[in-house]
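Enquirer: This is target.cif, which holds mmCIF, C-alpha atoms and all ligand atoms:
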data_start
#
loop_
_atom_site.label_atom_id
_atom_site.label_comp_id
_atom_site.auth_asym_id
_atom_site.auth_seq_id
_atom_site.Cartn_x
_atom_site.Cartn_y
_atom_site.Cartn_z
CA MET A 170 88.33 76.81 93.29
CA ILE A 171 89.70 80.26 92.63
CA ASP A 172 92.26 80.41 89.80
CA ALA A 173 95.76 80.38 91.37
CA ASN A 174 96.80 83.07 88.85
CA THR A 175 94.32 85.56 90.33
CA LYS A 176 96.22 88.83 90.78
CA ILE A 177 96.07 89.74 94.47
CA ALA A 178 97.58 93.06 95.55
CA ILE A 179 98.13 93.87 99.21
CA VAL A 180 98.66 97.54 100.03
CA GLY A 181 100.82 97.90 103.15
CA GLY A 182 103.64 95.69 104.41
CA GLY A 183 103.07 95.88 108.16
CA ILE A 184 102.32 92.84 110.32
CA GLY A 185 98.78 92.62 108.89
CA GLY A 186 99.77 92.82 105.22
CA LEU A 187 102.62 90.33 105.61
CA VAL A 188 100.56 87.75 107.49
CA ALA A 189 97.80 88.08 104.88
CA GLY A 190 100.41 87.60 102.15
CA ILE A 191 101.85 84.47 103.76
CA ALA A 192 98.39 83.00 104.38
CA LEU A 193 97.46 83.58 100.72
CA GLN A 194 100.71 81.95 99.59
CA LYS A 195 99.86 78.91 101.75
CA ALA A 196 96.48 78.85 100.01
CA GLY A 197 98.26 78.62 96.64
CA PHE A 198 98.29 82.26 95.44
CA ASN A 199 101.10 84.67 94.58
CA PRO A 200 100.15 88.03 96.10
CA VAL A 201 102.28 91.17 95.72
CA ILE A 202 102.73 93.66 98.56
CA TYR A 203 102.92 97.35 97.65
CA GLU A 204 104.64 99.22 100.48
CA ARG A 205 105.13 102.98 100.75
CA ALA A 206 108.43 102.84 102.66
CA PRO A 207 111.73 102.36 100.80
CA GLU A 208 112.63 99.61 103.29
CA PHE A 209 110.76 97.51 105.80
CA GLY A 210 110.98 98.81 109.32
CA GLU A 211 109.30 98.66 112.70
CA VAL A 212 109.46 100.96 115.68
CA GLY A 213 112.04 100.04 118.32
CA ALA A 214 109.59 98.47 120.72
CA GLY A 215 108.29 95.18 122.01
CA ILE A 216 105.04 93.48 121.13
CA SER A 217 102.93 90.88 122.87
CA ILE A 218 101.26 88.21 120.81
CA SER A 219 98.53 86.44 122.73
CA PRO A 220 97.59 82.75 122.30
CA ASN A 221 94.81 83.51 119.77
CA ALA A 222 97.39 85.05 117.42
CA THR A 223 100.15 82.59 118.31
CA LEU A 224 97.82 79.84 117.04
CA GLY A 225 97.45 81.78 113.78
CA LEU A 226 101.22 82.18 113.38
CA GLU A 227 101.77 78.51 114.19
CA SER A 228 99.31 77.50 111.47
CA LEU A 229 101.55 79.40 109.02
CA GLY A 230 104.66 77.50 110.10
CA PHE A 231 106.24 79.76 112.74
CA THR A 232 106.14 77.42 115.75
CA ASP A 233 109.88 76.77 115.84
CA TYR A 234 110.78 80.45 115.41
CA LEU A 235 108.45 81.49 118.24
CA ASN A 236 109.63 78.70 120.54
CA ALA A 237 113.22 79.79 119.98
CA ASN A 238 112.79 83.57 120.02
CA ALA A 239 109.75 84.67 122.00
CA ASN A 240 109.76 85.33 125.73
CA GLU A 241 106.89 83.67 127.54
CA PRO A 242 105.81 85.51 130.69
CA LEU A 243 104.85 83.33 133.64
CA GLU A 244 102.58 86.02 135.06
CA GLN A 245 101.08 89.41 134.28
CA ARG A 246 101.10 91.49 137.45
CA LEU A 247 99.23 94.66 138.37
CA TYR A 248 100.90 96.91 140.93
CA HIS A 249 99.81 100.09 142.68
CA GLY A 250 101.70 102.81 140.82
CA GLU A 251 102.56 104.94 143.83
CA THR A 252 103.10 102.39 146.60
CA GLY A 253 104.40 99.53 144.46
CA GLU A 254 102.08 97.03 146.22
CA LEU A 255 101.09 93.95 144.23
CA LEU A 256 97.36 94.13 143.48
CA LYS A 257 96.59 91.24 141.17
CA THR A 258 98.30 88.43 139.28
CA PHE A 259 97.16 86.78 136.05
CA ASP A 260 98.73 83.40 135.54
CA ARG A 261 100.19 83.03 132.05
CA ARG A 262 102.16 79.81 132.65
CA ASP A 263 99.03 77.81 131.86
CA CYS A 264 98.44 79.40 128.42
CA ARG A 265 99.91 76.44 126.60
CA GLU A 266 97.63 74.06 128.48
CA THR A 267 94.47 76.18 128.46
CA TYR A 268 94.70 77.75 124.99
CA LYS A 269 97.15 75.31 123.34
CA ALA A 270 99.54 78.13 122.52
CA ALA A 271 102.01 80.41 124.24
CA TYR A 272 101.65 84.06 125.21
CA CYS A 273 104.65 85.56 123.36
CA GLN A 274 106.64 88.73 123.91
CA LEU A 275 108.99 89.78 121.11
CA HIS A 276 110.98 92.62 119.64
CA ARG A 277 108.79 94.07 116.87
CA ALA A 278 111.66 94.04 114.40
CA ASP A 279 112.21 90.31 115.01
CA LEU A 280 108.53 89.55 114.36
CA LEU A 281 108.56 91.66 111.20
CA ASN A 282 111.78 90.06 109.91
CA MET A 283 110.36 86.60 110.53
CA LEU A 284 107.35 87.52 108.37
CA ILE A 285 109.40 89.20 105.59
CA ASP A 286 111.74 86.21 105.32
CA ALA A 287 108.75 83.90 104.97
CA PHE A 288 106.87 86.07 102.47
CA GLY A 289 109.93 86.87 100.36
CA ARG A 290 111.37 90.33 99.74
CA SER A 291 111.15 89.79 96.00
CA ASN A 292 107.35 89.68 96.32
CA CYS A 293 107.31 93.22 97.71
CA ALA A 294 107.22 96.40 95.65
CA MET A 295 108.85 98.95 97.95
CA ASN A 296 108.61 102.73 97.44
CA HIS A 297 105.05 102.30 96.22
CA ALA A 298 102.88 104.82 98.05
CA LEU A 299 99.30 104.40 96.96
CA ALA A 300 97.67 107.66 95.92
CA ALA A 301 94.30 106.53 94.53
CA ILE A 302 92.18 103.42 94.09
CA ASP A 303 89.41 102.49 91.70
CA SER A 304 87.65 99.36 92.96
CA ARG A 305 85.11 97.89 90.53
CA ALA A 306 83.02 94.72 90.44
CA ASP A 307 85.59 93.00 88.22
CA GLY A 308 88.95 94.40 89.33
CA VAL A 309 90.93 97.22 90.88
CA THR A 310 93.27 99.91 89.56
CA LEU A 311 95.91 101.23 91.93
CA THR A 312 97.62 104.54 91.19
CA PHE A 313 100.81 105.32 93.08
CA GLU A 314 102.29 108.68 94.03
CA ASP A 315 104.99 108.38 91.36
CA GLY A 316 102.28 108.04 88.70
CA SER A 317 102.75 104.29 88.15
CA ILE A 318 99.67 102.10 87.89
CA ALA A 319 98.99 98.48 88.87
CA GLU A 320 95.96 96.42 87.93
CA ALA A 321 94.74 93.66 90.23
CA ASP A 322 91.80 91.26 90.39
CA VAL A 323 91.49 91.93 94.12
CA VAL A 324 93.09 94.27 96.67
CA ILE A 325 93.66 93.80 100.39
CA ALA A 326 93.95 97.16 102.12
CA ALA A 327 96.46 96.69 104.95
CA ASP A 328 97.62 100.30 104.95
CA GLY A 329 97.12 100.99 108.64
CA LEU A 330 95.11 103.40 110.75
CA ARG A 331 95.52 106.27 108.27
CA SER A 332 94.51 104.04 105.35
CA ILE A 333 93.77 106.06 102.26
CA ILE A 334 91.79 103.10 100.94
CA ARG A 335 89.51 103.27 103.97
CA ASP A 336 89.21 107.03 103.46
CA SER A 337 88.27 106.78 99.81
CA LEU A 338 86.04 103.68 99.79
CA PHE A 339 84.64 103.16 103.29
CA ASP A 340 84.79 106.04 105.75
CA SER A 341 85.81 109.61 105.05
CA ASP A 342 85.72 110.64 108.74
CA PRO A 343 89.33 111.35 109.77
CA PRO A 344 90.91 109.50 112.73
CA GLU A 345 90.08 111.17 116.04
CA PHE A 346 92.51 111.78 118.89
CA SER A 347 91.46 109.42 121.69
CA GLY A 348 92.87 111.47 124.58
CA HIS A 349 95.44 108.71 125.18
CA VAL A 350 99.17 109.00 124.59
CA ALA A 351 101.69 106.13 124.46
CA TRP A 352 105.38 106.54 125.25
CA ARG A 353 107.72 103.76 124.20
CA ALA A 354 111.35 102.83 124.78
CA LEU A 355 113.59 99.78 124.73
CA VAL A 356 116.17 99.71 127.49
CA PRO A 357 119.29 97.51 127.69
CA ALA A 358 118.52 95.17 130.61
CA GLU A 359 121.99 95.71 132.07
CA LYS A 360 120.87 99.23 133.03
CA LEU A 361 118.12 97.78 135.23
CA GLY A 362 117.90 95.55 138.28
CA PRO A 363 117.09 91.81 138.07
CA LYS A 364 113.31 92.27 138.49
CA SER A 365 113.09 93.77 134.99
CA VAL A 366 114.10 90.50 133.32
CA ASP A 367 112.00 88.16 135.44
CA ARG A 368 109.51 86.31 133.25
CA LEU A 369 106.80 88.81 134.08
CA ASN A 370 104.67 91.45 132.45
CA ILE A 371 104.69 94.25 135.03
CA ASN A 372 101.96 96.91 134.97
CA HIS A 373 101.90 99.83 137.47
CA LEU A 374 98.54 101.61 137.66
CA GLY A 375 97.29 105.00 138.74
CA THR A 376 94.56 107.44 137.82
CA GLY A 377 94.89 108.51 134.20
CA ARG A 378 98.15 106.63 133.62
CA ASN A 379 99.90 103.28 133.75
CA ILE A 380 103.30 101.92 132.79
CA VAL A 381 104.14 98.43 131.56
CA SER A 382 107.49 96.64 131.26
CA TYR A 383 108.55 93.24 129.99
CA PRO A 384 111.78 91.70 128.71
CA VAL A 385 112.34 90.80 125.05
CA ARG A 386 115.16 88.92 123.27
CA GLY A 387 115.71 86.74 126.34
CA SER A 388 117.06 89.05 128.98
CA GLU A 389 118.78 91.47 126.60
CA LEU A 390 116.24 94.31 126.41
CA VAL A 391 113.32 95.59 128.43
CA ASN A 392 110.32 97.05 126.64
CA ILE A 393 108.64 100.01 128.32
CA VAL A 394 105.21 101.34 127.35
CA ALA A 395 103.80 104.22 129.37
CA LEU A 396 100.23 105.39 128.79
CA THR A 397 99.04 108.83 129.82
CA LYS A 398 96.20 111.22 128.99
CA ALA A 399 96.18 114.53 127.12
CA GLU A 400 93.47 117.04 126.25
CA ALA A 401 94.56 117.32 122.64
CA TRP A 402 97.29 116.21 120.26
CA ALA A 403 98.89 119.43 119.11
CA GLU A 404 101.86 118.02 117.22
CA GLU A 405 101.80 117.79 113.47
CA SER A 406 103.21 114.28 113.39
CA TRP A 407 101.35 111.54 115.26
CA ASN A 408 104.59 110.25 116.75
CA ALA A 409 107.62 112.17 117.90
CA LYS A 410 110.80 111.93 119.91
CA ALA A 411 110.18 112.95 123.49
CA GLU A 412 112.18 114.10 126.47
CA LYS A 413 112.52 111.84 129.49
CA SER A 414 111.67 114.74 131.79
CA GLU A 415 108.27 115.14 130.09
CA LEU A 416 107.46 111.49 130.73
CA ALA A 417 108.85 111.54 134.27
CA ALA A 418 106.54 114.45 135.15
CA HIS A 419 103.56 112.08 134.76
CA TYR A 420 104.96 109.59 137.28
CA GLU A 421 106.32 111.82 140.03
CA GLY A 422 106.29 110.05 143.39
CA TRP A 423 105.67 106.60 141.89
CA ALA A 424 107.20 103.34 143.10
CA ASP A 425 110.96 102.75 143.03
CA TYR A 426 110.70 100.25 140.17
CA VAL A 427 108.95 102.84 137.97
CA MET A 428 111.65 105.38 138.81
CA GLU A 429 114.29 102.81 137.87
CA LEU A 430 112.60 102.23 134.48
CA LEU A 431 112.34 105.93 133.70
CA GLU A 432 115.92 106.60 134.75
CA ALA A 433 117.23 103.82 132.49
CA ILE A 434 115.62 105.06 129.25
CA PRO A 435 118.41 106.13 126.88
CA GLY A 436 118.21 109.92 126.41
CA ASP A 437 117.45 109.95 122.71
CA GLU A 438 115.33 106.83 122.44
CA LEU A 439 112.00 107.78 123.87
CA TYR A 440 109.06 108.15 121.47
CA ARG A 441 105.57 109.47 122.09
CA TRP A 442 102.46 108.51 120.10
CA GLY A 443 99.13 110.27 120.03
CA LEU A 444 96.64 107.41 119.91
CA PHE A 445 93.88 107.92 117.37
CA ILE A 446 90.66 105.96 116.91
CA ARG A 447 88.20 105.30 114.12
CA LYS A 448 84.68 103.91 114.38
CA PRO A 449 83.93 100.18 113.90
CA LEU A 450 82.73 99.49 110.35
CA GLU A 451 79.85 97.19 109.42
CA ASN A 452 81.27 96.53 105.97
CA TRP A 453 84.86 95.76 104.97
CA VAL A 454 84.36 95.01 101.28
CA SER A 455 83.85 97.48 98.43
CA GLY A 456 83.93 96.09 94.90
CA ARG A 457 87.01 93.89 94.81
CA THR A 458 88.74 95.55 97.80
CA ALA A 459 88.72 94.41 101.45
CA LEU A 460 90.10 96.07 104.57
CA LEU A 461 92.42 94.25 107.00
CA GLY A 462 94.30 95.06 110.24
CA ASP A 463 94.38 98.63 111.55
CA ALA A 464 92.85 99.88 108.31
CA ALA A 465 89.72 97.93 109.27
CA HIS A 466 89.73 98.08 113.08
CA PRO A 467 92.31 100.34 114.77
CA MET A 468 92.16 99.93 118.54
CA LEU A 469 93.79 101.38 121.64
CA PRO A 470 96.61 99.16 122.92
CA TYR A 471 95.16 98.42 126.39
CA MET A 472 94.67 94.72 125.70
CA GLY A 473 97.63 94.26 123.33
CA GLN A 474 95.33 92.97 120.59
CA GLY A 475 95.84 95.24 117.53
CA ALA A 476 98.48 93.16 115.78
CA SER A 477 97.00 89.93 117.13
CA CYS A 478 93.69 90.85 115.51
CA ALA A 479 95.47 91.65 112.23
CA ILE A 480 97.14 88.22 112.40
CA GLU A 481 93.72 86.59 112.91
CA ASP A 482 92.41 88.54 109.87
CA GLY A 483 95.28 87.34 107.68
CA VAL A 484 94.86 83.68 108.62
CA ILE A 485 91.10 83.78 108.01
CA LEU A 486 91.64 85.59 104.68
CA GLY A 487 93.89 82.76 103.49
CA ARG A 488 91.36 80.15 104.59
CA ALA A 489 88.53 82.05 102.85
CA PHE A 490 90.46 82.12 99.56
CA ALA A 491 91.21 78.39 99.91
CA ALA A 492 87.55 77.56 100.61
CA ALA A 493 85.73 79.79 98.11
CA LYS A 494 84.86 79.21 94.47
CA THR A 495 85.09 82.87 93.47
CA VAL A 496 86.97 85.95 94.63
CA ASP A 497 83.72 87.67 95.60
CA GLU A 498 82.71 84.68 97.70
CA ALA A 499 86.16 84.65 99.38
CA LEU A 500 85.89 88.34 100.33
CA LYS A 501 82.39 87.78 101.71
CA ILE A 502 83.46 84.77 103.76
CA TYR A 503 86.45 86.71 105.08
CA ALA A 504 84.46 89.77 106.13
CA ASP A 505 81.51 87.80 107.52
CA SER A 506 83.89 85.64 109.55
CA ARG A 507 85.81 88.57 110.98
CA ILE A 508 83.73 91.71 111.54
CA GLU A 509 81.97 90.64 114.73
CA ARG A 510 85.14 89.33 116.39
CA ALA A 511 87.30 92.32 115.38
CA SER A 512 84.64 94.82 116.46
CA LEU A 513 84.49 93.13 119.87
CA LEU A 514 88.27 93.37 120.27
CA GLN A 515 88.18 96.98 119.08
CA SER A 516 85.46 98.12 121.48
CA GLU A 517 86.81 96.22 124.49
CA SER A 518 90.38 97.45 123.86
CA ASN A 519 89.10 101.01 123.66
CA LEU A 520 87.39 100.56 127.04
CA GLY A 521 90.54 99.02 128.51
CA GLY A 522 92.11 102.38 129.32
CA GLU A 523 89.09 103.45 131.32
CA ARG A 524 89.13 100.15 133.20
CA LEU A 525 92.82 100.33 134.04
CA GLN A 526 93.20 104.01 134.73
CA THR A 527 90.01 105.33 136.26
CA ILE A 528 89.38 103.42 139.44
CA ASP A 529 91.30 103.42 142.68
CA PRO A 530 94.06 100.86 142.01
CA TYR A 531 93.24 99.09 145.30
CA ALA A 532 89.85 98.12 143.85
CA PHE A 533 91.68 95.62 141.61
CA ARG A 534 92.32 93.50 144.69
CA ASN A 535 88.66 92.65 145.11
CA THR A 536 86.89 93.55 141.88
CA PRO A 537 86.85 91.03 139.05
CA ILE A 538 88.45 92.79 136.08
CA LYS A 539 87.00 92.50 132.58
CA ASN A 540 90.28 91.64 130.90
CA GLU A 541 91.28 89.38 128.00
CA ASP A 542 90.76 86.20 130.06
CA ALA A 543 87.36 87.21 131.41
CA LEU A 544 86.24 88.19 127.91
CA GLY A 545 87.43 84.85 126.50
CA ILE A 546 89.59 86.61 123.91
CA PHE A 547 92.43 84.08 123.96
CA ALA A 548 90.07 81.17 123.30
CA TYR A 549 89.86 81.79 119.54
CA ASP A 550 91.85 79.82 117.00
CA PRO A 551 91.84 81.54 113.59
CA ALA A 552 93.20 78.37 112.00
CA THR A 553 90.21 76.24 113.01
CA VAL A 554 87.30 78.54 113.94
CA PRO A 555 84.39 77.75 111.57
CA LEU A 556 84.21 80.17 108.62
CA VAL A 557 80.91 82.01 108.16
CA LYS A 558 79.67 80.84 104.75
C1 LIG A 601 101.83 101.80 121.97
C2 LIG A 601 101.30 100.63 121.20
C3 LIG A 601 101.53 99.34 121.67
C4 LIG A 601 100.98 98.24 120.99
N1 LIG A 601 101.21 97.00 121.48
C5 LIG A 601 100.64 95.93 120.88
C6 LIG A 601 100.84 94.62 121.40
O1 LIG A 601 101.56 94.41 122.38
N2 LIG A 601 100.22 93.57 120.78
C7 LIG A 601 99.42 93.76 119.66
O2 LIG A 601 98.86 92.77 119.15
N3 LIG A 601 99.24 95.00 119.13
C8 LIG A 601 99.82 96.08 119.71
N4 LIG A 601 99.66 97.32 119.17
C9 LIG A 601 98.87 97.48 117.93
C10 LIG A 601 99.67 97.11 116.70
O3 LIG A 601 100.90 97.78 116.67
C11 LIG A 601 98.89 97.43 115.42
O4 LIG A 601 97.55 97.05 115.57
C12 LIG A 601 99.49 96.69 114.23
O5 LIG A 601 100.85 96.97 114.07
C13 LIG A 601 98.72 97.03 112.94
O6 LIG A 601 99.33 96.39 111.85
P1 LIG A 601 98.87 96.75 110.36
O7 LIG A 601 99.74 95.91 109.49
O8 LIG A 601 97.41 96.61 110.23
O9 LIG A 601 99.18 98.28 110.18
P2 LIG A 601 100.57 99.04 110.21
O10 LIG A 601 101.55 98.39 111.09
O11 LIG A 601 100.26 100.48 110.46
O12 LIG A 601 101.13 98.86 108.72
C14 LIG A 601 100.60 99.60 107.64
C15 LIG A 601 101.63 99.57 106.52
O13 LIG A 601 101.06 100.20 105.39
C16 LIG A 601 102.00 101.09 104.84
N5 LIG A 601 101.25 102.14 104.15
C17 LIG A 601 100.48 103.10 104.71
N6 LIG A 601 99.95 103.89 103.76
C18 LIG A 601 100.38 103.40 102.58
C19 LIG A 601 100.17 103.78 101.23
N7 LIG A 601 99.42 104.86 100.91
N8 LIG A 601 100.73 103.06 100.24
C20 LIG A 601 101.51 101.97 100.54
N9 LIG A 601 101.75 101.57 101.81
C21 LIG A 601 101.20 102.28 102.82
C22 LIG A 601 102.80 101.60 106.02
O14 LIG A 601 104.06 102.12 105.62
C23 LIG A 601 102.91 100.34 106.87
O15 LIG A 601 104.03 99.56 106.52
C24 LIG A 601 100.21 98.44 119.82
C25 LIG A 601 100.00 99.73 119.32
C26 LIG A 601 100.56 100.82 120.00
C27 LIG A 601 100.33 102.20 119.45
#
Render the structure in this file as structure tokens.
Ligand SMILES: Cc1cc2nc3c(=O)[nH]c(=O)nc-3n(C[C@H](O)[C@H](O)[C@H](O)COP(=O)(O)OP(=O)(O)OC[C@H]3O[C@@H](n4cnc5c(N)ncnc54)[C@H](O)[C@@H]3O)c2cc1C
Expert:
Amino acid sequence: MIDANTKIAIVGGGIGGLVAGIALQKAGFNPVIYERAPEFGEVGAGISISPNATLGLESLGFTDYLNANANEPLEQRLYHGETGELLKTFDRRDCRETYKAAYCQLHRADLLNMLIDAFGRSNCAMNHALAAIDSRADGVTLTFEDGSIAEADVVIAADGLRSIIRDSLFDSDPPEFSGHVAWRALVPAEKLGPKSVDRLNINHLGTGRNIVSYPVRGSELVNIVALTKAEAWAEESWNAKAEKSELAAHYEGWADYVMELLEAIPGDELYRWGLFIRKPLENWVSGRTALLGDAAHPMLPYMGQGASCAIEDGVILGRAFAAAKTVDEALKIYADSRIERASLLQSESNLGGERLQTIDPYAFRNTPIKNEDALGIFAYDPATVPLVK
């Protein structure tokens, strides 16, 4: 058994870092999260958590919260972007029966708050932006931008796609612009017609673009994610406020429902993200430091699996620490249990855009689509899947 006093530092308090922290607490440890931001915060957007991740969250004690607060879509529907014709329906009402867990749609801030409340704010060192890391065989030294230093026996790098830990210990290639751009907004449902709050995930498709909507917080808000293409990402920041007219230009002549969504976006609440990618890694452990979440496996959002995969990582990390005799063994079990699965999600998610946006939308009527169901992605339970020892 690993000594419960082992000093575990998690760098990054996003969904991945917090789930890892809670899973380690459940395994009997007292990890500390070092977070760069002065306060916790999430973008104003929705998030879908698929059954594979719901199972992970349930194993950490969140069943009641999710039952009370998550929206469960009955169906995911693909529509022709221009004509508005229904092309394909994926049944989601049977998730609980088939995968033993719900497909959840939430406000990101609600999910994050649920995790912070469980982990405990007092276990988080805010305003701690990591500047450098020295990861040795017997421990890790973290140096922060303000010059302060923390020593740990082991570090979990959950510092996101632009992870400086990944840069310094694993992969110095910078993130690459993928050619995909995401636009996000949350719209008060009262500004939209009744279809927007039906228990559906609605996806309109066309060449080089698609637009998704689903309700969150019951029927209070509607989450909109539009995905388009761009030759390059010229802006300095990787996300920025955007004008509605810029987004609307991509969807000219599209179906009435899409027009209704675009019209309803509040003027100053549209954000645009350049989506960047990094290559899959064959190794996530260096000395006493392991990668987790987007720091390990950033992926394009076409299958809604980035946070779900980070949740799976966190749950397996906790189980690895509970099962191992030494810290080194725990890190090995964690990485060996996760790399293949995460790399699959990463590569399939990255192909998702090509699948959704390159063919004639009518082809979806007759062609079997290689989506999450066909790939068997939901049929993974991080709480019970055998660990690789
Ligand atoms: C448009 C879009 C839609 C998406 N939709 C979904 C979805 O529906 N379902 C889904 O599962 N996934 C979705 N994702 C993916 C998901 O958002 C990410 O995969 C997930 O949030 C990654 O979590 P993380 O904790 O690994 O990283 P992050 O959320 O990036 O958190 C990293 C944390 O580390 C902190 N940090 C960074 N650098 C430092 C430093 N030097 N020192 C200290 N702290 C630092 C940051 O401040 C941040 O809090 C979507 C992504 C996009 C872009």
Enquirer: Taking only C-alpha atoms and all ligand atoms into account, which residues are within 8 Å of ligand LIG 601 (chain A), as number ranges by chain?
Expert: A: 180-187, 203-206, 209-211, 215-219, 274, 296-300, 313, 327-334, 351-353, 394, 396, 442, 444, 461-465, 467-479
Enquirer: Would you compute the distance between CA of Ser406 in chain A and CA of Asn379 in chain A? Give it in Å to one decimal.
Expert: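 These atoms are spaced 23.4 Å apart.
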Enquirer: One decimal, in Å: what's the spacing between CA of Arg305 in chain A and CA of Gly456 in chain A?
Expert: 4.9 Å
Enquirer: Give as number ranges by chain every residue, naming chains and numbers as the document does, that has an atom within 9 Å of (86.3, 87.7, 109.7), counting only C-alpha atoms.
Expert: A: 481-482, 485-486, 501-511, 556-557
Enquirer: Residues of the last selection are to be written out with C-alpha atoms, as an mmCIF file, in the coordinates of the input.
Expert:
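Result file is selection18.cif:
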data_model
loop_
_atom_site.group_PDB
_atom_site.id
_atom_site.type_symbol
_atom_site.label_atom_id
_atom_site.label_comp_id
_atom_site.auth_asym_id
_atom_site.auth_seq_id
_atom_site.Cartn_x
_atom_site.Cartn_y
_atom_site.Cartn_z
ATOM 1 C CA GLU A 481 93.720 86.590 112.910
ATOM 2 C CA ASP A 482 92.410 88.540 109.870
ATOM 3 C CA ILE A 485 91.100 83.780 108.010
ATOM 4 C CA LEU A 486 91.640 85.590 104.680
ATOM 5 C CA LYS A 501 82.390 87.780 101.710
ATOM 6 C CA ILE A 502 83.460 84.770 103.760
ATOM 7 C CA TYR A 503 86.450 86.710 105.080
ATOM 8 C CA ALA A 504 84.460 89.770 106.130
ATOM 9 C CA ASP A 505 81.510 87.800 107.520
ATOM 10 C CA SER A 506 83.890 85.640 109.550
ATOM 11 C CA ARG A 507 85.810 88.570 110.980
ATOM 12 C CA ILE A 508 83.730 91.710 111.540
ATOM 13 C CA GLU A 509 81.970 90.640 114.730
ATOM 14 C CA ARG A 510 85.140 89.330 116.390
ATOM 15 C CA ALA A 511 87.300 92.320 115.380
ATOM 16 C CA LEU A 556 84.210 80.170 108.620
ATOM 17 C CA VAL A 557 80.910 82.010 108.160
#
Enquirer: With the cut-off set at 9 Å and counting only C-alpha atoms, tabulate each residue of range 388-423 of chain A with an atom at most that distance from an atom of range 244-260 of chain A, showing the nearest atom pair and its distance in Å to one decimal, ordered by chain and increasing number, as CSV.
Expert:
residue,atom,partner,partner_atom,distance
A:Tyr420,CA,A:Gly250,CA,8.3
A:Glu421,CA,A:Glu251,CA,8.7
A:Gly422,CA,A:Glu251,CA,6.3
A:Trp423,CA,A:Glu251,CA,4.0
Enquirer: I'd like to know which of A:Glu438, A:Asp315, A:Tyr268, A:Arg368 is closest to Arg386 in chain A, using only C-alpha atoms.
Expert: A:Arg368
Enquirer: Just checking: using all atoms listed in the file, which residue out of A:Glu314, A:Asp303, A:Glu415, A:Glu432 ends up closest to Pro357 in chain A?
Expert: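 With all atoms listed in the file as the atom set, the closest residue is A:Glu432.
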Enquirer: Taking all atoms of range 478-483 of chain A that appear in the file, build a box with edges along x, y and z, extend it by 8 Å on every side, and state its centre and edge lengths in Å to one decimal, as lines of an AutoDock Vina configuration file.
Expert:
center_x = 94.8
center_y = 89.1
center_z = 111.6
size_x = 20.7
size_y = 21.1
size_z = 23.8
Enquirer: What's the separation between CA of Val381 in chain A and CA of Lys448 in chain A, in Å to one decimal place?
Expert: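 That distance, rounded to one decimal, is 26.5 Å.
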Enquirer: From the coordinates supplied, range 378-386 of chain A should be written with N, CA, C and O atoms, as an mmCIF file, in the first residue's frame.
Expert:
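The resulting file, result05.cif, is shown below:
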data_model
loop_
_atom_site.group_PDB
_atom_site.id
_atom_site.type_symbol
_atom_site.label_atom_id
_atom_site.label_comp_id
_atom_site.auth_asym_id
_atom_site.auth_seq_id
_atom_site.Cartn_x
_atom_site.Cartn_y
_atom_site.Cartn_z
ATOM 1 N N ARG A 378 -18.968 22.492 -42.352
ATOM 2 C CA ARG A 378 -19.547 23.148 -41.165
ATOM 3 C C ARG A 378 -20.694 22.315 -40.594
ATOM 4 O O ARG A 378 -21.321 21.538 -41.310
ATOM 5 N N ASN A 379 -20.948 22.497 -39.328
ATOM 6 C CA ASN A 379 -22.163 21.956 -38.711
ATOM 7 C C ASN A 379 -22.498 22.801 -37.496
ATOM 8 O O ASN A 379 -21.685 23.620 -37.056
ATOM 9 N N ILE A 380 -23.703 22.650 -37.005
ATOM 10 C CA ILE A 380 -24.107 23.451 -35.838
ATOM 11 C C ILE A 380 -25.015 22.603 -34.950
ATOM 12 O O ILE A 380 -25.947 21.971 -35.427
ATOM 13 N N VAL A 381 -24.673 22.579 -33.665
ATOM 14 C CA VAL A 381 -25.335 21.695 -32.704
ATOM 15 C C VAL A 381 -26.061 22.550 -31.670
ATOM 16 O O VAL A 381 -25.549 23.594 -31.259
ATOM 17 N N SER A 382 -27.237 22.095 -31.228
ATOM 18 C CA SER A 382 -27.892 22.767 -30.090
ATOM 19 C C SER A 382 -28.496 21.730 -29.160
ATOM 20 O O SER A 382 -28.916 20.667 -29.598
ATOM 21 N N TYR A 383 -28.467 22.053 -27.868
ATOM 22 C CA TYR A 383 -29.188 21.234 -26.888
ATOM 23 C C TYR A 383 -29.459 22.064 -25.642
ATOM 24 O O TYR A 383 -28.712 22.996 -25.324
ATOM 25 N N PRO A 384 -30.570 21.747 -24.950
ATOM 26 C CA PRO A 384 -30.899 22.524 -23.749
ATOM 27 C C PRO A 384 -30.068 22.086 -22.548
ATOM 28 O O PRO A 384 -29.673 20.922 -22.454
ATOM 29 N N VAL A 385 -29.802 23.038 -21.652
ATOM 30 C CA VAL A 385 -29.163 22.715 -20.365
ATOM 31 C C VAL A 385 -29.930 23.441 -19.254
ATOM 32 O O VAL A 385 -30.684 24.374 -19.527
ATOM 33 N N ARG A 386 -29.692 23.024 -18.015
ATOM 34 C CA ARG A 386 -30.453 23.541 -16.856
ATOM 35 C C ARG A 386 -31.942 23.429 -17.142
ATOM 36 O O ARG A 386 -32.646 24.440 -17.218
#
